[in-house]
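Chemist: Just one file: structure.csv, with CSV, C-alpha atoms.
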```
chain,number,residue,atom,x,y,z
A,1,MET,CA,79.9,-1.6,-86.9
A,2,MET,CA,80.9,0.1,-83.7
A,3,SER,CA,78.3,-0.3,-80.9
A,4,PRO,CA,77.4,2.9,-79.0
A,5,ARG,CA,79.3,3.5,-75.8
A,6,GLN,CA,77.2,2.9,-72.6
A,7,ASN,CA,76.9,5.7,-70.1
A,8,PRO,CA,77.7,4.8,-66.5
A,9,GLU,CA,74.4,6.4,-65.3
A,10,ASP,CA,72.6,4.1,-67.7
A,11,ARG,CA,74.4,1.1,-66.2
A,12,ALA,CA,73.4,2.1,-62.7
A,13,SER,CA,69.7,2.9,-63.3
A,14,PRO,CA,68.5,-0.6,-64.1
A,15,SER,CA,70.4,-1.9,-61.0
A,16,HIS,CA,68.6,0.8,-58.9
A,17,LEU,CA,65.2,-0.4,-60.4
A,18,ARG,CA,66.1,-4.0,-59.6
A,19,HIS,CA,66.8,-3.1,-56.0
A,20,THR,CA,63.4,-1.4,-55.5
A,21,PRO,CA,61.5,-4.6,-54.7
A,22,LEU,CA,64.2,-5.6,-52.3
A,23,GLN,CA,64.0,-2.2,-50.5
A,24,ILE,CA,60.2,-2.7,-50.2
A,25,ILE,CA,60.8,-6.1,-48.7
A,26,HIS,CA,63.3,-4.7,-46.3
A,27,ILE,CA,60.9,-2.0,-45.1
A,28,ILE,CA,58.0,-4.4,-44.7
A,29,GLY,CA,60.2,-6.9,-42.8
A,30,ASN,CA,61.4,-4.2,-40.4
A,31,PHE,CA,57.9,-2.9,-40.0
A,32,MET,CA,56.6,-6.4,-39.0
A,33,ARG,CA,59.5,-6.9,-36.6
A,34,ILE,CA,58.9,-3.5,-34.9
A,35,TRP,CA,55.2,-4.4,-34.7
A,36,SER,CA,56.1,-7.6,-32.9
A,37,ILE,CA,58.3,-5.6,-30.5
A,38,TYR,CA,55.4,-3.3,-29.6
A,39,SER,CA,53.1,-6.3,-29.2
A,40,LEU,CA,55.6,-8.0,-26.9
A,41,TYR,CA,56.1,-4.9,-24.9
A,42,HIS,CA,52.4,-4.4,-24.3
A,43,TYR,CA,52.0,-8.1,-23.3
A,44,LEU,CA,54.9,-7.9,-20.8
A,45,SER,CA,53.8,-4.5,-19.3
A,46,GLU,CA,50.1,-5.6,-18.9
A,47,THR,CA,50.8,-9.1,-17.5
A,48,GLY,CA,54.1,-8.7,-15.8
A,49,ALA,CA,55.3,-12.0,-17.4
A,50,SER,CA,58.9,-13.1,-17.2
A,51,VAL,CA,60.9,-11.7,-20.1
A,52,VAL,CA,63.5,-14.5,-20.2
A,53,LEU,CA,60.9,-17.3,-20.0
A,54,PHE,CA,58.8,-15.8,-22.8
A,55,LEU,CA,61.9,-15.3,-25.1
A,56,PHE,CA,63.0,-18.8,-24.4
A,57,ILE,CA,59.5,-20.1,-25.3
A,58,CYS,CA,59.8,-18.1,-28.6
A,59,LEU,CA,63.3,-19.4,-29.4
A,60,VAL,CA,62.4,-23.0,-29.1
A,61,PRO,CA,60.1,-23.2,-32.2
A,62,ALA,CA,62.3,-20.6,-34.0
A,63,SER,CA,65.4,-22.8,-33.5
A,64,ILE,CA,63.5,-25.9,-34.7
A,65,LEU,CA,62.3,-24.1,-37.8
A,66,PHE,CA,65.8,-22.8,-38.5
A,67,LEU,CA,67.2,-26.4,-38.2
A,68,ILE,CA,64.5,-27.7,-40.5
A,69,LEU,CA,65.0,-25.0,-43.1
A,70,GLN,CA,68.8,-24.9,-43.2
A,71,LYS,CA,69.7,-28.5,-42.3
A,72,PRO,CA,73.2,-27.8,-41.1
A,73,TRP,CA,74.0,-31.5,-41.0
A,74,LYS,CA,73.6,-31.9,-44.8
A,75,GLY,CA,75.9,-30.7,-47.5
A,76,ARG,CA,79.6,-30.0,-47.0
A,77,PRO,CA,80.6,-31.1,-43.5
A,78,LEU,CA,81.2,-28.2,-41.1
A,79,GLY,CA,84.6,-28.0,-39.4
A,80,ASN,CA,85.4,-27.2,-35.8
A,81,ALA,CA,86.7,-23.8,-36.8
A,82,GLN,CA,83.1,-23.0,-37.9
A,83,VAL,CA,81.0,-24.9,-35.4
A,84,VAL,CA,82.8,-23.9,-32.2
A,85,PRO,CA,82.6,-20.1,-32.9
A,86,SER,CA,79.0,-20.5,-33.8
A,87,ILE,CA,78.2,-22.2,-30.5
A,88,ILE,CA,80.1,-19.4,-28.7
A,89,ASN,CA,78.1,-16.9,-30.7
A,90,GLY,CA,75.0,-18.7,-29.4
A,91,GLY,CA,76.1,-17.8,-25.9
A,92,ILE,CA,76.5,-14.1,-26.9
A,93,THR,CA,73.1,-14.2,-28.6
A,94,ALA,CA,71.5,-15.6,-25.5
A,95,LEU,CA,73.0,-12.9,-23.4
A,96,TYR,CA,71.8,-10.4,-26.0
A,97,PHE,CA,68.2,-11.6,-25.8
A,98,ILE,CA,68.3,-11.4,-21.9
A,99,LEU,CA,69.6,-7.8,-21.9
A,100,TRP,CA,67.4,-6.8,-24.8
A,101,GLY,CA,64.3,-8.2,-23.1
A,102,LYS,CA,65.1,-6.5,-19.8
A,103,GLY,CA,65.8,-3.2,-21.7
A,104,LEU,CA,62.5,-3.5,-23.6
A,105,LYS,CA,60.5,-4.0,-20.4
A,106,SER,CA,62.2,-1.2,-18.5
A,107,CYS,CA,62.8,1.4,-21.2
A,108,GLY,CA,60.0,0.9,-23.7
A,109,PRO,CA,60.1,-0.2,-27.3
A,110,LEU,CA,61.3,3.2,-28.8
A,111,ARG,CA,64.4,3.3,-26.6
A,112,ALA,CA,65.1,-0.4,-27.0
A,113,ILE,CA,64.9,-0.3,-30.8
A,114,LEU,CA,67.1,2.8,-31.1
A,115,ALA,CA,69.6,1.4,-28.6
A,116,GLU,CA,70.3,-1.5,-30.9
A,117,TYR,CA,72.2,0.9,-33.2
A,118,SER,CA,74.8,1.4,-30.4
A,119,GLY,CA,76.7,-1.5,-32.2
A,120,ALA,CA,78.4,1.2,-34.3
A,121,VAL,CA,80.6,1.7,-31.2
A,122,LEU,CA,82.6,-1.3,-32.5
A,123,GLY,CA,83.6,0.8,-35.5
A,124,VAL,CA,85.0,3.4,-33.1
A,125,LEU,CA,86.9,0.6,-31.3
A,126,SER,CA,88.4,-0.8,-34.5
A,127,ALA,CA,89.5,2.7,-35.5
A,128,VAL,CA,91.2,3.3,-32.2
A,129,LEU,CA,93.0,0.0,-32.4
A,130,TYR,CA,93.8,-0.4,-36.1
A,131,GLY,CA,92.8,2.8,-37.9
A,132,ARG,CA,94.6,6.1,-38.7
A,133,LYS,CA,94.6,9.0,-36.4
A,134,SER,CA,92.7,11.1,-38.9
A,135,HIS,CA,89.8,8.7,-38.9
A,136,VAL,CA,89.9,8.2,-35.1
A,137,TRP,CA,88.8,11.8,-34.4
A,138,LYS,CA,85.8,11.4,-36.8
A,139,LYS,CA,84.8,8.2,-35.1
A,140,VAL,CA,85.2,9.7,-31.6
A,141,GLY,CA,83.0,12.6,-32.8
A,142,GLY,CA,80.4,10.1,-34.0
A,143,LEU,CA,80.6,8.3,-30.6
A,144,ILE,CA,80.0,11.6,-28.8
A,145,ALA,CA,76.9,12.3,-31.0
A,146,MET,CA,75.6,8.8,-30.3
A,147,VAL,CA,76.0,9.2,-26.5
A,148,ALA,CA,74.3,12.6,-26.7
A,149,SER,CA,71.3,11.0,-28.6
A,150,PHE,CA,71.0,8.3,-26.0
A,151,TYR,CA,71.2,10.8,-23.2
A,152,LEU,CA,68.4,12.9,-24.8
A,153,LEU,CA,66.3,9.7,-25.2
A,154,SER,CA,66.9,8.8,-21.5
A,155,GLN,CA,65.7,12.3,-20.5
A,156,GLY,CA,62.4,11.7,-22.4
A,157,TRP,CA,62.8,13.9,-25.4
A,158,ALA,CA,60.9,11.4,-27.5
A,159,MET,CA,58.0,11.5,-25.0
A,160,ALA,CA,55.3,14.2,-25.2
A,161,ARG,CA,55.2,14.6,-21.4
A,162,TYR,CA,58.9,15.5,-21.1
A,163,SER,CA,59.8,16.8,-24.5
A,164,PRO,CA,60.9,20.5,-24.5
A,165,PHE,CA,59.0,20.9,-27.8
A,166,TYR,CA,55.7,19.9,-26.3
A,167,ILE,CA,53.9,23.2,-25.8
A,168,LEU,CA,51.1,21.7,-23.7
A,169,SER,CA,53.6,20.7,-21.0
A,170,TYR,CA,54.5,24.4,-20.5
A,171,ILE,CA,50.8,25.3,-20.4
A,172,THR,CA,50.2,22.6,-17.8
A,173,LEU,CA,53.1,23.8,-15.7
A,174,PHE,CA,51.8,27.4,-15.9
A,175,LEU,CA,48.4,26.3,-14.7
A,176,LEU,CA,50.0,24.2,-12.0
A,177,VAL,CA,51.9,27.2,-10.6
A,178,LEU,CA,48.6,29.3,-10.6
A,179,GLY,CA,46.9,26.5,-8.8
A,180,PHE,CA,44.2,25.8,-11.4
A,181,VAL,CA,45.3,22.1,-11.9
A,182,SER,CA,46.8,19.5,-9.7
A,183,LEU,CA,49.0,16.5,-10.4
A,184,ASP,CA,47.4,13.1,-9.9
A,185,ALA,CA,49.2,10.2,-8.3
A,186,GLU,CA,49.9,8.5,-11.6
A,187,VAL,CA,51.7,11.5,-13.1
A,188,GLN,CA,53.7,12.1,-9.9
A,189,THR,CA,55.1,8.5,-9.9
A,190,GLU,CA,56.3,8.7,-13.5
A,191,GLU,CA,60.0,9.5,-13.7
A,192,VAL,CA,62.5,10.2,-16.5
A,193,LEU,CA,64.9,7.3,-17.1
A,194,GLY,CA,68.6,8.1,-16.6
A,195,MET,CA,71.6,6.8,-18.5
A,196,THR,CA,72.0,4.0,-16.0
A,197,ALA,CA,68.8,2.4,-17.2
A,198,MET,CA,69.7,3.0,-20.8
A,199,THR,CA,73.0,1.1,-20.4
A,200,VAL,CA,71.1,-2.3,-20.5
A,201,PRO,CA,69.6,-1.9,-24.0
A,202,ILE,CA,72.8,-0.1,-25.2
A,203,PHE,CA,75.0,-3.0,-24.1
A,204,ALA,CA,72.5,-5.4,-25.8
A,205,GLY,CA,73.0,-3.4,-29.0
A,206,ILE,CA,76.7,-3.8,-28.7
A,207,LEU,CA,76.3,-7.6,-28.2
A,208,SER,CA,74.0,-7.7,-31.2
A,209,ALA,CA,76.7,-6.1,-33.4
A,210,LEU,CA,79.3,-8.4,-32.0
A,211,ARG,CA,77.4,-11.5,-32.9
A,212,ARG,CA,76.9,-10.2,-36.4
A,213,VAL,CA,80.6,-9.6,-36.7
A,214,ILE,CA,81.4,-13.1,-35.5
A,215,ALA,CA,78.9,-14.7,-37.9
A,216,ARG,CA,80.4,-12.6,-40.8
A,217,ARG,CA,83.9,-13.7,-39.9
A,218,VAL,CA,83.1,-17.4,-39.6
A,219,SER,CA,81.0,-17.8,-42.7
A,220,LEU,CA,82.1,-16.1,-45.9
A,221,LYS,CA,79.5,-17.8,-48.1
A,222,ASN,CA,75.8,-17.0,-47.8
A,223,GLN,CA,74.5,-20.6,-47.7
A,224,LEU,CA,77.2,-21.4,-45.0
A,225,LYS,CA,76.1,-18.3,-43.1
A,226,ARG,CA,72.5,-19.6,-42.9
A,227,ARG,CA,73.5,-23.1,-41.8
A,228,LEU,CA,75.7,-21.7,-39.1
A,229,HIS,CA,73.0,-19.3,-38.0
A,230,ALA,CA,70.7,-22.3,-37.3
A,231,ILE,CA,73.4,-23.7,-35.0
A,232,THR,CA,73.8,-20.3,-33.3
A,233,ILE,CA,70.1,-20.0,-32.6
A,234,ALA,CA,69.9,-23.6,-31.4
A,235,SER,CA,72.8,-23.1,-29.0
A,236,ALA,CA,71.3,-19.8,-27.8
A,237,THR,CA,68.2,-21.7,-26.9
A,238,CYS,CA,70.2,-24.2,-24.9
A,239,PHE,CA,72.1,-21.4,-23.1
A,240,LEU,CA,68.8,-19.7,-22.2
A,241,PHE,CA,67.2,-23.0,-20.9
A,242,PRO,CA,68.9,-22.9,-17.4
A,243,VAL,CA,68.3,-19.2,-17.1
A,244,ALA,CA,64.6,-19.6,-17.9
A,245,MET,CA,64.3,-22.5,-15.4
A,246,TRP,CA,65.9,-20.5,-12.7
A,247,ASP,CA,63.6,-17.7,-13.5
A,248,ILE,CA,60.6,-20.0,-13.0
A,249,ILE,CA,62.0,-21.2,-9.6
A,250,ILE,CA,62.6,-17.8,-8.2
A,251,GLY,CA,60.1,-16.0,-10.3
A,252,SER,CA,58.3,-12.9,-9.2
A,253,PRO,CA,54.7,-13.2,-7.8
A,254,SER,CA,53.3,-11.6,-10.9
A,255,SER,CA,55.0,-14.2,-13.2
A,256,SER,CA,53.9,-17.1,-11.0
A,257,SER,CA,50.2,-16.3,-11.0
A,258,ASP,CA,47.8,-19.1,-12.1
A,259,LYS,CA,45.8,-16.6,-14.1
A,260,MET,CA,48.6,-15.4,-16.3
A,261,PRO,CA,47.2,-14.9,-19.8
A,262,PHE,CA,49.1,-15.9,-22.9
A,263,SER,CA,49.1,-13.7,-26.0
A,264,THR,CA,49.1,-15.8,-29.1
A,265,TRP,CA,49.8,-12.8,-31.3
A,266,ALA,CA,52.8,-11.7,-29.2
A,267,PHE,CA,54.2,-15.2,-29.3
A,268,LEU,CA,53.7,-15.8,-33.1
A,269,SER,CA,54.8,-12.4,-34.2
A,270,THR,CA,58.0,-12.7,-32.1
A,271,VAL,CA,58.8,-16.1,-33.5
A,272,ILE,CA,57.9,-15.4,-37.1
A,273,PHE,CA,58.8,-11.7,-37.5
A,274,GLY,CA,61.1,-11.0,-34.6
A,275,VAL,CA,63.5,-14.0,-35.0
A,276,ILE,CA,63.0,-15.8,-38.3
A,277,LEU,CA,61.9,-13.4,-41.0
A,278,ILE,CA,64.2,-10.5,-39.8
A,279,PHE,CA,67.2,-12.7,-40.3
A,280,TYR,CA,66.5,-13.3,-43.9
A,281,VAL,CA,65.4,-9.7,-44.5
A,282,ASP,CA,68.7,-8.4,-43.0
A,283,SER,CA,70.7,-11.0,-45.0
A,284,ILE,CA,69.1,-9.7,-48.2
A,285,ALA,CA,69.7,-6.1,-47.3
A,286,GLU,CA,73.4,-6.9,-46.5
A,287,GLU,CA,74.1,-9.1,-49.5
A,288,ARG,CA,72.0,-7.3,-52.2
A,289,LEU,CA,71.5,-3.8,-51.0
A,290,HIS,CA,74.9,-3.4,-49.2
A,291,MET,CA,73.0,-2.1,-46.1
A,292,VAL,CA,74.2,-3.2,-42.7
A,293,PHE,CA,72.2,-3.0,-39.6
A,294,SER,CA,74.1,-0.1,-38.0
A,295,SER,CA,73.7,2.3,-40.8
A,296,PRO,CA,71.9,5.6,-41.3
A,297,ARG,CA,69.7,4.1,-44.1
A,298,HIS,CA,68.6,1.3,-41.8
A,299,LEU,CA,67.9,3.8,-39.0
A,300,MET,CA,65.8,5.9,-41.4
A,301,ALA,CA,63.6,2.9,-42.3
A,302,ALA,CA,63.2,1.9,-38.6
A,303,GLY,CA,62.4,5.4,-37.6
A,304,GLY,CA,59.5,5.6,-40.0
A,305,CYS,CA,58.1,2.3,-38.7
A,306,ILE,CA,58.5,3.6,-35.1
A,307,ILE,CA,56.5,6.7,-35.8
A,308,VAL,CA,53.7,4.7,-37.2
A,309,MET,CA,53.6,2.3,-34.3
A,310,GLU,CA,53.8,5.1,-31.7
A,311,ILE,CA,50.8,6.7,-33.2
A,312,VAL,CA,48.8,3.5,-33.7
A,313,TYR,CA,49.4,2.3,-30.1
A,314,GLY,CA,48.7,5.8,-28.7
A,315,MET,CA,52.1,6.0,-26.9
A,316,ASP,CA,53.4,9.1,-25.1
A,317,PHE,CA,55.2,10.3,-28.2
A,318,SER,CA,56.8,13.6,-29.3
A,319,LEU,CA,57.6,13.7,-33.0
A,320,PRO,CA,60.0,16.7,-32.9
A,321,GLY,CA,62.0,15.3,-30.1
A,322,PHE,CA,62.1,11.9,-31.7
A,323,LEU,CA,63.3,13.4,-35.0
A,324,ILE,CA,66.1,15.3,-33.3
A,325,CYS,CA,67.3,12.2,-31.4
A,326,CYS,CA,67.2,10.2,-34.7
A,327,ILE,CA,69.1,12.9,-36.6
A,328,ILE,CA,71.9,13.1,-33.9
A,329,LEU,CA,72.0,9.3,-33.8
A,330,GLY,CA,72.2,9.0,-37.5
A,331,PHE,CA,75.0,11.6,-37.7
A,332,GLY,CA,76.9,9.7,-35.1
A,333,ILE,CA,76.5,6.4,-36.9
A,334,TYR,CA,77.5,8.1,-40.2
A,335,GLU,CA,80.7,9.4,-38.7
A,336,ALA,CA,81.4,6.2,-36.7
A,337,THR,CA,81.2,4.1,-39.9
A,338,SER,CA,82.9,6.5,-42.2
A,339,LEU,CA,86.0,4.4,-42.8
A,340,GLU,CA,84.1,1.2,-43.7
A,341,ARG,CA,81.8,3.2,-46.0
A,342,GLY,CA,84.7,4.8,-47.8
A,343,LYS,CA,86.3,1.4,-48.4
A,344,LYS,CA,83.0,0.0,-49.8
A,345,ASP,CA,82.4,3.0,-52.1
A,346,SER,CA,86.0,2.8,-53.4
A,347,LEU,CA,85.5,-0.9,-54.2
A,348,GLN,CA,82.2,-0.3,-56.0
A,349,THR,CA,83.8,2.6,-58.0
A,350,THR,CA,86.7,0.3,-58.9
A,351,ASP,CA,84.3,-2.5,-60.1
A,352,LEU,CA,82.3,0.0,-62.1
A,353,SER,CA,85.5,1.4,-63.7
A,354,ASN,CA,86.7,-2.1,-64.5
A,355,GLY,CA,83.3,-2.8,-66.1
A,356,ILE,CA,83.4,0.3,-68.3
A,357,LEU,CA,87.0,-0.4,-69.3
A,358,GLY,CA,86.1,-3.9,-70.3
A,359,ASP,CA,83.2,-2.6,-72.4
A,360,GLN,CA,85.6,-0.1,-74.1
A,361,ILE,CA,88.1,-2.9,-74.9
A,362,GLN,CA,85.4,-5.1,-76.3
A,363,THR,CA,84.1,-2.2,-78.4
A,364,SER,CA,87.5,-1.3,-79.8
A,365,SER,CA,88.2,-4.9,-80.7
A,366,LEU,CA,85.1,-5.1,-82.9
A,367,PRO,CA,85.6,-4.8,-86.7
A,368,THR,CA,84.4,-1.6,-88.2
```
Let me see the structure of the file written as structure tokens.

Modeler:
Amino acid sequence: MMSPRQNPEDRASPSHLRHTPLQIIHIIGNFMRIWSIYSLYHYLSETGASVVLFLFICLVPASILFLILQKPWKGRPLGNAQVVPSIINGGITALYFILWGKGLKSCGPLRAILAEYSGAVLGVLSAVLYGRKSHVWKKVGGLIAMVASFYLLSQGWAMARYSPFYILSYITLFLLVLGFVSLDAEVQTEEVLGMTAMTVPIFAGILSALRRVIARRVSLKNQLKRRLHAITIASATCFLFPVAMWDIIIGSPSSSSDKMPFSTWAFLSTVIFGVILIFYVDSIAEERLHMVFSSPRHLMAAGGCIIVMEIVYGMDFSLPGFLICCIILGFGIYEATSLERGKKDSLQTTDLSNGILGDQIQTSSLPT
């Protein structure tokens, strides 16, 4: 008896339902990581603590936990072709943490998080060097959209005080011209960040994408990737050690104060959610959901978490300006990664066609 032919939509729907718990885990993991970033920012801004020293203190237990969990010394021996690039990747990771921490302290959590998606610039670079000319123009257009988004962020479009969509700012300006209100000292000293200040978190985002590319090239298997990541974090901690010691020696007066408080929540959340958990969450998203970090879907999840955190922490936040910046940035990432996405979709379509063809061959071979 001939079995009924299976519809491709029916084949895809159980897979989509299977991925729903993984998508929930991905959203929760990113929410906890963004929460830890806001906690770290408030601790650094209120106490004036050293960014490099605090990140080094967080990386020490994180590297120990990674080594205990992954045990890179066990199993199949790792060759020099894998260990040496992982150690070099640790140096890149250490530089990323330094620049990212400086950008977080100077630009705020919203700009620092969105600037991490500047790693899509590597897609533009690969298209210029190795891609076709037809794809180059799309990627260059995506790069222009990303630069425009970062420029609007640097001009304060995501802040209520400077956003052109904030109607109260125009009312205040009108009352100021009439002389009914006056600017206090705190408002006068507040300035809009320029693109020069945004280059620090943007360059940190490019380094973050570069370290992910190196880790992907070195380790093809998932278990091997986790073992090599433990080596990368341990080497990053070693690279950060002399920088943190130098920061202690020539530290600023605020960071050398005897009454410097220590936030346990900022420390634990950065270690657990900002370093350890986010690695496993991003690995699941990349392996099972086919969602890389610099992608519009990842940006959408992070944008929702940022909106919640901005409201909870009572930040100077403009929702319309933030949404416009995210839409422009998402469009830029979409165009900058168009070639890679097309290749992935064609491979998935080929696999699905092969599966349907195999089912048809099996069905036709059954006796009637």

Chemist: Nearest to Ile113 in chain A: which of A:Met195, A:Leu207, A:Met315, A:Ile37 is it, counting only C-alpha atoms?

Modeler: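 Checking each of A:Met195, A:Leu207, A:Met315, A:Ile37 against Ile113 in chain A, counting only C-alpha atoms, the winner is A:Ile37.
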
Chemist: Just how far from CA of Ile333 in chain A is CA of Val271 in chain A, in Å to one decimal?

Modeler: 28.8 Å

Chemist: Find the spatial neighbours of Ile233 in chain A, counting all atoms listed in the file, within a cut-off of 10 Å - ignore same-chain residues fewer than 6 positions away - and output them as a PDB file with C-alpha atoms, keeping the file's coordinate frame.

Modeler:
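Full text of out.pdb as output:
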```pdb
ATOM      1  CA  LEU A  59      63.300 -19.400 -29.400  1.00  0.00           C
ATOM      2  CA  VAL A  60      62.400 -23.000 -29.100  1.00  0.00           C
ATOM      3  CA  ALA A  62      62.300 -20.600 -34.000  1.00  0.00           C
ATOM      4  CA  SER A  63      65.400 -22.800 -33.500  1.00  0.00           C
ATOM      5  CA  ILE A  64      63.500 -25.900 -34.700  1.00  0.00           C
ATOM      6  CA  PHE A  66      65.800 -22.800 -38.500  1.00  0.00           C
ATOM      7  CA  LEU A  67      67.200 -26.400 -38.200  1.00  0.00           C
ATOM      8  CA  SER A  86      79.000 -20.500 -33.800  1.00  0.00           C
ATOM      9  CA  ILE A  87      78.200 -22.200 -30.500  1.00  0.00           C
ATOM     10  CA  ASN A  89      78.100 -16.900 -30.700  1.00  0.00           C
ATOM     11  CA  GLY A  90      75.000 -18.700 -29.400  1.00  0.00           C
ATOM     12  CA  GLY A  91      76.100 -17.800 -25.900  1.00  0.00           C
ATOM     13  CA  THR A  93      73.100 -14.200 -28.600  1.00  0.00           C
ATOM     14  CA  ALA A  94      71.500 -15.600 -25.500  1.00  0.00           C
ATOM     15  CA  PHE A 239      72.100 -21.400 -23.100  1.00  0.00           C
ATOM     16  CA  VAL A 275      63.500 -14.000 -35.000  1.00  0.00           C
TER      17      VAL A 275
END
```

Chemist: Which polymer residues have any atom within 7 Å of an atom of range 295-312 of chain A, counting all atoms listed in the file, with same-chain residues fewer than 4 positions away left out, as a list in words?

Modeler: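 Contacts, with the query itself left out: Ile27, Asn30, Phe31, Ile34, Trp35, Leu110, Met291, Phe317, Gly330, Ile333 and Tyr334 of chain A.
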
Chemist: Just C-alpha atoms for this one: save the residues we selected as a CSV table (one decimal), keeping the file's coordinate frame.

Modeler:
```
chain,number,residue,atom,x,y,z
A,27,ILE,CA,60.9,-2.0,-45.1
A,30,ASN,CA,61.4,-4.2,-40.4
A,31,PHE,CA,57.9,-2.9,-40.0
A,34,ILE,CA,58.9,-3.5,-34.9
A,35,TRP,CA,55.2,-4.4,-34.7
A,110,LEU,CA,61.3,3.2,-28.8
A,291,MET,CA,73.0,-2.1,-46.1
A,317,PHE,CA,55.2,10.3,-28.2
A,330,GLY,CA,72.2,9.0,-37.5
A,333,ILE,CA,76.5,6.4,-36.9
A,334,TYR,CA,77.5,8.1,-40.2
```

Chemist: Taking all atoms listed in the file into account, name the residue in A:Gly142, A:Val84, A:Phe293, A:Ala236 that is nearest to Phe279 in chain A.

Modeler: A:Phe293

Chemist: Could you name the residues that touch Val124 in chain A at 9 Å or less, counting all atoms listed in the file, but leaving out those on the same chain fewer than 6 positions away, as a PyMOL selection string?

Modeler: chain A and resi 136+138-140+142-143+336-337

Chemist: Limited to C-alpha atoms, could you put the picked residues into a file as a PDB file, keeping the file's coordinate frame?

Modeler:
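Wrote it out as selection37.pdb, contents follow:
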```
ATOM      1  CA  VAL A 136      89.900   8.200 -35.100  1.00  0.00           C
ATOM      2  CA  LYS A 138      85.800  11.400 -36.800  1.00  0.00           C
ATOM      3  CA  LYS A 139      84.800   8.200 -35.100  1.00  0.00           C
ATOM      4  CA  VAL A 140      85.200   9.700 -31.600  1.00  0.00           C
ATOM      5  CA  GLY A 142      80.400  10.100 -34.000  1.00  0.00           C
ATOM      6  CA  LEU A 143      80.600   8.300 -30.600  1.00  0.00           C
ATOM      7  CA  ALA A 336      81.400   6.200 -36.700  1.00  0.00           C
ATOM      8  CA  THR A 337      81.200   4.100 -39.900  1.00  0.00           C
TER       9      THR A 337
END
```

Chemist: Calculate how many Å separate CA of Ile88 in chain A from CA of Ala49 in chain A, rounding to one decimal.

Modeler: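 So the two atoms, CA of Ile88 in chain A and CA of Ala49 in chain A, lie 28.2 Å apart.
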
Chemist: If we count only C-alpha atoms and set the cut-off at 9 Å, which residues sit around range 151-157 of chain A, ignoring sequence neighbours fewer than 3 positions away in its own chain? Please answer as a list in words.

Modeler: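 After dropping sequence-adjacent residues, the list is Cys107, Leu110, Arg111, Met146, Val147, Ala148, Ala160, Arg161, Tyr162, Ser163, Pro164, Phe165, Val192, Leu193, Gly194, Met195, Thr196, Ala197, Met198, Phe317, Ser318, Pro320, Gly321, Phe322, Ile324 and Cys325 of chain A.
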
Chemist: Which of these, A:Tyr313, A:Phe267, A:Phe273, A:Phe331, has the shortest distance to Ile28 in chain A once you count all atoms listed in the file?

Modeler: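 Distance minimum relative to Ile28 in chain A lands on A:Phe273.
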
Chemist: Hey, which of A:Ser219, A:Gln23, A:Ser208, A:Ser118 ends up closest to Ala81 in chain A? Count only C-alpha atoms.

Modeler: A:Ser219

Chemist: Determine, counting all atoms listed in the file, which protein, DNA and RNA residues have an atom within 8 Å of an atom of Pro201 in chain A; residues of the same chain fewer than 2 positions away are not included. Present the result as a PDB file with C-alpha atoms, in the coordinates of the input.

Modeler:
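As a result, part27.pdb now contains:
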```pdb
ATOM      1  CA  LEU A  99      69.600  -7.800 -21.900  1.00  0.00           C
ATOM      2  CA  TRP A 100      67.400  -6.800 -24.800  1.00  0.00           C
ATOM      3  CA  LYS A 102      65.100  -6.500 -19.800  1.00  0.00           C
ATOM      4  CA  GLY A 103      65.800  -3.200 -21.700  1.00  0.00           C
ATOM      5  CA  LEU A 104      62.500  -3.500 -23.600  1.00  0.00           C
ATOM      6  CA  ARG A 111      64.400   3.300 -26.600  1.00  0.00           C
ATOM      7  CA  ALA A 112      65.100  -0.400 -27.000  1.00  0.00           C
ATOM      8  CA  ALA A 115      69.600   1.400 -28.600  1.00  0.00           C
ATOM      9  CA  GLU A 116      70.300  -1.500 -30.900  1.00  0.00           C
ATOM     10  CA  MET A 198      69.700   3.000 -20.800  1.00  0.00           C
ATOM     11  CA  THR A 199      73.000   1.100 -20.400  1.00  0.00           C
ATOM     12  CA  PHE A 203      75.000  -3.000 -24.100  1.00  0.00           C
ATOM     13  CA  ALA A 204      72.500  -5.400 -25.800  1.00  0.00           C
ATOM     14  CA  GLY A 205      73.000  -3.400 -29.000  1.00  0.00           C
TER      15      GLY A 205
END
```

Chemist: Report, in Å to a single decimal, how far apart CA of Ser106 in chain A and CA of Pro242 in chain A are.

Modeler: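 Spanning CA of Pro242 in chain A to CA of Ser106 in chain A is a straight-line distance of 22.7 Å.
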
Chemist: So which one's closest to Val243 in chain A, A:Arg288, A:Val52, A:Lys71, A:Ser39? Using all atoms listed in the file, please.

Modeler: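 Checking each of A:Arg288, A:Val52, A:Lys71, A:Ser39 against Val243 in chain A, counting all atoms listed in the file, the winner is A:Val52.
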
Chemist: With distances taken over all atoms listed in the file, which residue among A:Leu122, A:Ala244, A:Leu44, A:Leu53 lies nearest Pro109 in chain A?

Modeler: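 Closest to Pro109 in chain A of all the choices is A:Leu44.
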